[in-house]
Number of protein chains: 4
Amino acid sequence: MCRWIAYRGEPVPLEAYVTKPVHSLVSQSVHALESTAAFNGDGFGLGWYGDQPEPGLYKELRPAWSDENLQHLCRHLRSHMFFAHVRAATGTSVSRPNCHPFACGKWMFMHNGLLANWEVLRREVEAMIPDDLYHWRGGTTDSEALFLALMGQGLTGAERLDPMRATAKMVEAVTRLADGKGAGAAFRFTAALADGRDLYAFRYSANDSSNSLYYRALGNAVVVASEPLDQDRGSWIGVPENSALVARWGEPLEILPFPETYSPKIEAIPAAR
Amino acid sequence: MCRWIAYRGEPVPLEAYVTKPVHSLVSQSVHALESTAAFNGDGFGLGWYGDQPEPGLYKELRPAWSDENLQHLCRHLRSHMFFAHVRAATGTSVSRPNCHPFACGKWMFMHNGLLANWEVLRREVEAMIPDDLYHWRGGTTDSEALFLALMGQGLTGAERLDPMRATAKMVEAVTRLADGKGAGAAFRFTAALADGRDLYAFRYSANDSSNSLYYRALGNAVVVASEPLDQDRGSWIGVPENSALVARWGEPLEILPFPETYSPKIEAIPAAR
Amino acid sequence: MCRWIAYRGEPVPLEAYVTKPVHSLVSQSVHALESTAAFNGDGFGLGWYGDQPEPGLYKELRPAWSDENLQHLCRHLRSHMFFAHVRAATGTSVSRPNCHPFACGKWMFMHNGLLANWEVLRREVEAMIPDDLYHWRGGTTDSEALFLALMGQGLTGAERLDPMRATAKMVEAVTRLADGKGAGAAFRFTAALADGRDLYAFRYSANDSSNSLYYRALGNAVVVASEPLDQDRGSWIGVPENSALVARWGEPLEILPFPETYSPKIEAIPAAR
Amino acid sequence: MCRWIAYRGEPVPLEAYVTKPVHSLVSQSVHALESTAAFNGDGFGLGWYGDQPEPGLYKELRPAWSDENLQHLCRHLRSHMFFAHVRAATGTSVSRPNCHPFACGKWMFMHNGLLANWEVLRREVEAMIPDDLYHWRGGTTDSEALFLALMGQGLTGAERLDPMRATAKMVEAVTRLADGKGAGAAFRFTAALADGRDLYAFRYSANDSSNSLYYRALGNAVVVASEPLDQDRGSWIGVPENSALVARWGEPLEILPFPETYSPKIEAIPAAR
């Protein structure tokens with residue numbers, strides 16, 4: 001089980017959340033409190049938006065806690081929107097292509113969770129990736145495949161779907177797989193998605209309970225994290241199960257039910273009236 | 001374009017071929033003579049058979065020339081059958097899972113060549129991998145996919161096919177793909193396959209000319225290599241295009257046409273009677 | 001604080017102690033029981049003796065628990081004498097040259113402990129390394145410097161000293177440094193030393209208490225380890241503080257006081273007559 | 001022999017010089033024109049100044065040409081002053097601590113060249129590093145030791161020396177060592193030094209000829225490089241042997257004789273009058 005944080009707000013140095021706080025992401029890599037994995041030493045990654053439409057990425061298969069490059073980058077990079085992730089592998093190899101976050105064009109994604117029975121379901125999920133995106137498949141994780149399947153639900157190409165709706169469609173399709181060929185496989189999906197302007201975070205599970213997710217809002221800024229980053233736990237609010245946090249640029253933060261509100265089923269109801 | 005060597009014979013220290021000769025594999029990593037890639041610095045790998053049925057593997061994404069571990073292992077490991085490979089990547093990432101040799105059960109494989117138009121053909125070749133072997137797919141190279149497709153041609157499972165025939169079937173199926181969906185894509189396949197007893201090496205191409213391949217026999221021992229390992233070039237014999245070298249345990253070395261002799265077409269002739 | 005094991009006996013596959021037991025060294029890298037460091041993820045190393053006078057080494061800065069190469073090597077290497085070490089760094093960088101074991105000619109060494117106030121004492125300990133050995137200094141750890149200082153106490157060169165006496169001389173000189181310029185710096189020295197025939201292990205400290213050390217003897221074989229490797233704790237015997245375990249080839253195991261018996265002070269007595 | 005570039009001017013993305021030009025530093029890592037090393041695959045590093053007084057650093061032991069992180073950082077980092085370096089090792093190990101550039105407080109340094117007979121001279125050069133800087137010594141290269149010796153010539157601490165004079169003093173002291181204990185050892189010093197405001201580049205040698213060095217000025221901006229970065233070689237000006245390029249912030253570029261003008265000897269003459 002991994003740990004991650006996502007930030008959206010005024011540009012700040014990444015160190016403000018990744019390396020400096022008492023219970024920063026890097027200190028969570030050494031000792032996570034709300035996780036079944038005591039530590040997260042199977043690689044890590046940073047992704048940040050700056051002047052370019054697509055995010056910058058830094059991934060490394062070493063543990064975060066001993067990487068001098070990470071200290072330097074977090075001190076010297078500033079961004080209005082960034083992701084950071086420390087990995088505890090659940091069966092796939094420790095390699096850079098298996099580290100989060102993943103990017104595809106302007107989109108960036110990271111995940112804490114799993115799709116159980118992955119050996120059986122891998123081909124099915126990979127089959128959800130459109131041909132023209134398949135060359136982005138660089139590793140073997142469930143997380144990367146889920147992301148590219150999500151991209152294939154209308155986030156790239158001519159017709160664009162709302163990201164919430166696209167994610168709901170992907171999550172529901174994968175839940176059907178988990179229930180069917182996966183024979184009731186647990187599917188835990190605590191994930192973040194961004195495009196440089198808008199940030200979405202999801203806490204969902206099927207056949208299991210969801211991994212933890214918290215946020216803290218400070219004016220325009222919002223920090224979303226697997227665990228509170230400091231001991232002022234009162235300032236951190238838990239995201240309920242089966243919910244999404246939506247932080248669109250210049251708009252107030254929303255917590256919405258997920259995936260129900262956006263699901264094709266729900267939509268189909270008014271259409272049927 | 002990569003460089004490789006394969007050895008079968010009395011147990012020798014790996015250094016005898018990998019690190020010590022004037023034009024050893026490691027010196028080829030720095031300066032190859034018969035290659036379009038001036039050097040091969042995109043990772044490397046060793047595979048060797050010892051007491052266990054399956055081979056041992058050592059892979060590393062650093063260049064071979066600066067890896068102290070490689071020097072130690074080549075000096076201290078002895079084997080009657082081993083592979084060594086230095087990689088020059090042709091588009092896929094530099095990571096351990098993309099390094100050769102690849103293993104699956106008792107089988108070991110390495111490759112110098114390519115399947116052009118890989119972005120278009122990748123899914124088709126991956127579809128040739130049987131479900132029960134798909135979890136061995138750890139990287140993104142054409143080489144690993146070709147190997148697992150070959151395994152799926154009857155080298156594992158209850159019914160076993162002759163390795164030459166299995167390789168011929170795979171190569172012909174991939175050639176059809178290259179000719180069809182690949183729109184005449186070049187397919188170069190200079191590869192080695194072994195199971196701890198028998199060694200096979202192939203030099204084949206479609207829509208292109210084959211990568212170089214040489215061998216030297218010394219009594220019971222045979223060394224097969226992309227390029228001669230020393231300046232006594234007279235003692236090295238070129239393997240002709242569209243041929244296979246077969247060095248079965250305790251049997252004399254053979255050079256045979258490939259894939260014709262073993263092709264389903266040829267077999268189909270008796271079936272046609 | 002690191003964890004290590006050393007083996008001397010009939011040749012066995014390294015996996016018998018490094019990767020397979022319930023509480024193998026690799027599982028100690030994930031969860032050590034008798035250590036202040038909850039895990040040991042700052043690199044690791046193997047060293048083994050085979051056909052050559054000097055040991056083979058495999059070092060890697062990744063954690064031991066996720067390294068496929070380590071699994072392969074431990075399964076395929078057999079040795080009558082080997083060391084394995086997982087590192088928890090105490091201030092110096094995570095790099096291969098800082099991983100244990102260290103070798104110098106036929107000698108091999110590894111260490112669990114520290115010399116506190118290292119920034120002040122480093123130059124003094126480095127000054128104890130003879131000129132002709134100084135090119136072996138590849139990293140920045142106290143451990144490697146202690147080893148090369150020990151080599152300089154008569155383990156190389158024309159006049160050879162008994163290894164116990166040489167170690168005692170080094171340890172006493174470093175203790176004087178710790179007491180003097182180090183202003184009472186803690187010095188913990190739980191270490192192993194071997195030459196391919198004889199194995200020595202030391203548990204010593206000054207200004208502090210010693211790190212744990214255990215052994216188990218099985219016929220001619222002896223395993224020495226930071227912690228018992230299995231749950232049959234009754235079969236593991238603790239090495240007392242300020243003691244050395246001596247397992248010379250073909251001789252019975254001895255536990256001796258250290259460094260007193262071998263100290264220059266003791267030797268000085270006959271010289272005083 | 002390594003390759004490097006240094007930039008000072010309006011903030012630009014690092015890719016403008018490191019990864020994009022026809023003969024960018026990364027393409028020089030694959031094929032250098034004016035170097036005895038055909039390629040530079042023994043690690044690399046970036047250093048850049050931004051909002052902080054000290055530079056950010058990114059170092060990696062993999063070759064520059066296959067590192068995706070480097071592509072991302074060069075595209076997303078902008079700086080008014082940065083260094084980039086690709087390494088061809090001359091005997092010391094390939095590790096991050098041996099990669100350039102090196103930093104110490106606000107200062108940053110990189111080097112192309114060597115001090116021959118390093119095994120004999122290493123201790124002497126290390127002895128030139130002041131005690132309070134010795135903990136910065138993280139690797140084993142001549143380059144890092146030369147830098148810390150230079151820092152010790154008055155670039156840190158209460159009394160500050162002019163950087164040109166400090167470098168001249170260090171270079172002359174090392175030349176005396178090379179001539180004396182080094183028995184006429186070649187000393188090639190083509191190096192860059194910066195503090196976030198001012199940039200200095202040196203081309204010097206003793207007992208040998210100097211490594212190449214070029215620059216191009218474009219308004220306020222200056223690029224200094226081992227080799228021209230594009231085919232418009234006419235716009236690149238060679239720095240003469242035994243010269244320094246001085247690009248102080250807001251001042252015109254100067255090419256000055258080095259080390260003569262600034263040497264203690266020269267200075268001593270007027271003082272003696």
# chains A, B, ... in the order shown; residues from 1 in each chain; ligands from 1
>>> residues_around(residues="region 121-126 of chain A", least_positions_apart="4", cutoff="12 Å", atoms="only C-alpha atoms", output="PyMOL selection string")
(chain A and resi 92+114-117+130-131+133-150+152+170-171+173-187) or (chain B and resi 123+126-127+129-137)
>>> select_by_dssp(residues="region 41-215 of chain C", states="strand (DSSP E or B)", output="PyMOL selection string")
chain C and resi 44-48+56-60+78-86+102-104+107-115+187-194+199-206+214-215
>>> closest_atom_pairs(of="chain A", to="chain C", cutoff="12 Å", atoms="only C-alpha atoms", output="JSON lines")
{"residue": "A:Ser29", "atom": "CA", "partner": "C:Gly41", "partner_atom": "CA", "distance": 11.4}
{"residue": "A:Val30", "atom": "CA", "partner": "C:Phe39", "partner_atom": "CA", "distance": 8.9}
{"residue": "A:His31", "atom": "CA", "partner": "C:Ala38", "partner_atom": "CA", "distance": 9.2}
{"residue": "A:Ala37", "atom": "CA", "partner": "C:Val30", "partner_atom": "CA", "distance": 10.5}
{"residue": "A:Ala38", "atom": "CA", "partner": "C:Val30", "partner_atom": "CA", "distance": 9.1}
{"residue": "A:Phe39", "atom": "CA", "partner": "C:Phe39", "partner_atom": "CA", "distance": 8.8}
{"residue": "A:Asn40", "atom": "CA", "partner": "C:Gly41", "partner_atom": "CA", "distance": 10.4}
{"residue": "A:Gly41", "atom": "CA", "partner": "C:Gly41", "partner_atom": "CA", "distance": 7.5}
{"residue": "A:Asp42", "atom": "CA", "partner": "C:Ser66", "partner_atom": "CA", "distance": 7.4}
{"residue": "A:Gly43", "atom": "CA", "partner": "C:Arg62", "partner_atom": "CA", "distance": 9.5}
{"residue": "A:Glu60", "atom": "CA", "partner": "C:Arg62", "partner_atom": "CA", "distance": 10.6}
{"residue": "A:Leu61", "atom": "CA", "partner": "C:Arg62", "partner_atom": "CA", "distance": 7.8}
{"residue": "A:Arg62", "atom": "CA", "partner": "C:Arg62", "partner_atom": "CA", "distance": 5.7}
{"residue": "A:Pro63", "atom": "CA", "partner": "C:Arg62", "partner_atom": "CA", "distance": 7.7}
{"residue": "A:Ala64", "atom": "CA", "partner": "C:Gly41", "partner_atom": "CA", "distance": 10.7}
{"residue": "A:Trp65", "atom": "CA", "partner": "C:Asp42", "partner_atom": "CA", "distance": 9.2}
{"residue": "A:Ser66", "atom": "CA", "partner": "C:Val94", "partner_atom": "CA", "distance": 6.5}
{"residue": "A:Asp67", "atom": "CA", "partner": "C:Val94", "partner_atom": "CA", "distance": 8.1}
{"residue": "A:Glu68", "atom": "CA", "partner": "C:Ser93", "partner_atom": "CA", "distance": 8.6}
{"residue": "A:Asn69", "atom": "CA", "partner": "C:Ser93", "partner_atom": "CA", "distance": 11.9}
{"residue": "A:Arg87", "atom": "CA", "partner": "C:Ser66", "partner_atom": "CA", "distance": 12.0}
{"residue": "A:Ala88", "atom": "CA", "partner": "C:Ser66", "partner_atom": "CA", "distance": 10.3}
{"residue": "A:Ala89", "atom": "CA", "partner": "C:Ser66", "partner_atom": "CA", "distance": 8.9}
{"residue": "A:Thr90", "atom": "CA", "partner": "C:Ser66", "partner_atom": "CA", "distance": 11.0}
{"residue": "A:Gly91", "atom": "CA", "partner": "C:Ser66", "partner_atom": "CA", "distance": 10.0}
{"residue": "A:Thr92", "atom": "CA", "partner": "C:Ser66", "partner_atom": "CA", "distance": 9.9}
{"residue": "A:Ser93", "atom": "CA", "partner": "C:Ser66", "partner_atom": "CA", "distance": 7.5}
{"residue": "A:Val94", "atom": "CA", "partner": "C:Ser66", "partner_atom": "CA", "distance": 6.5}
{"residue": "A:Ser95", "atom": "CA", "partner": "C:Ser66", "partner_atom": "CA", "distance": 9.8}
>>> atom_distance(atom1="CA of Ser79 (chain D)", atom2="CA of Glu227 (chain D)")
21.3 Å
>>> atom_distance(atom1="CA of Arg233 (chain D)", atom2="CA of Ile5 (chain D)")
15.5 Å
>>> select_by_dssp(residues="region 41-266 of chain B", states="helix (DSSP H, G or I)", output="number ranges by chain")
B: 64-66, 68-76, 96-98, 118-127, 131-136, 142-151, 163-179, 233-235, 260-262, 264-266
>>> closest_residue(among="D:Val26, D:Met110, D:Cys2, D:Val222", to="Leu70 (chain D)", atoms="only C-alpha atoms")
D:Val26
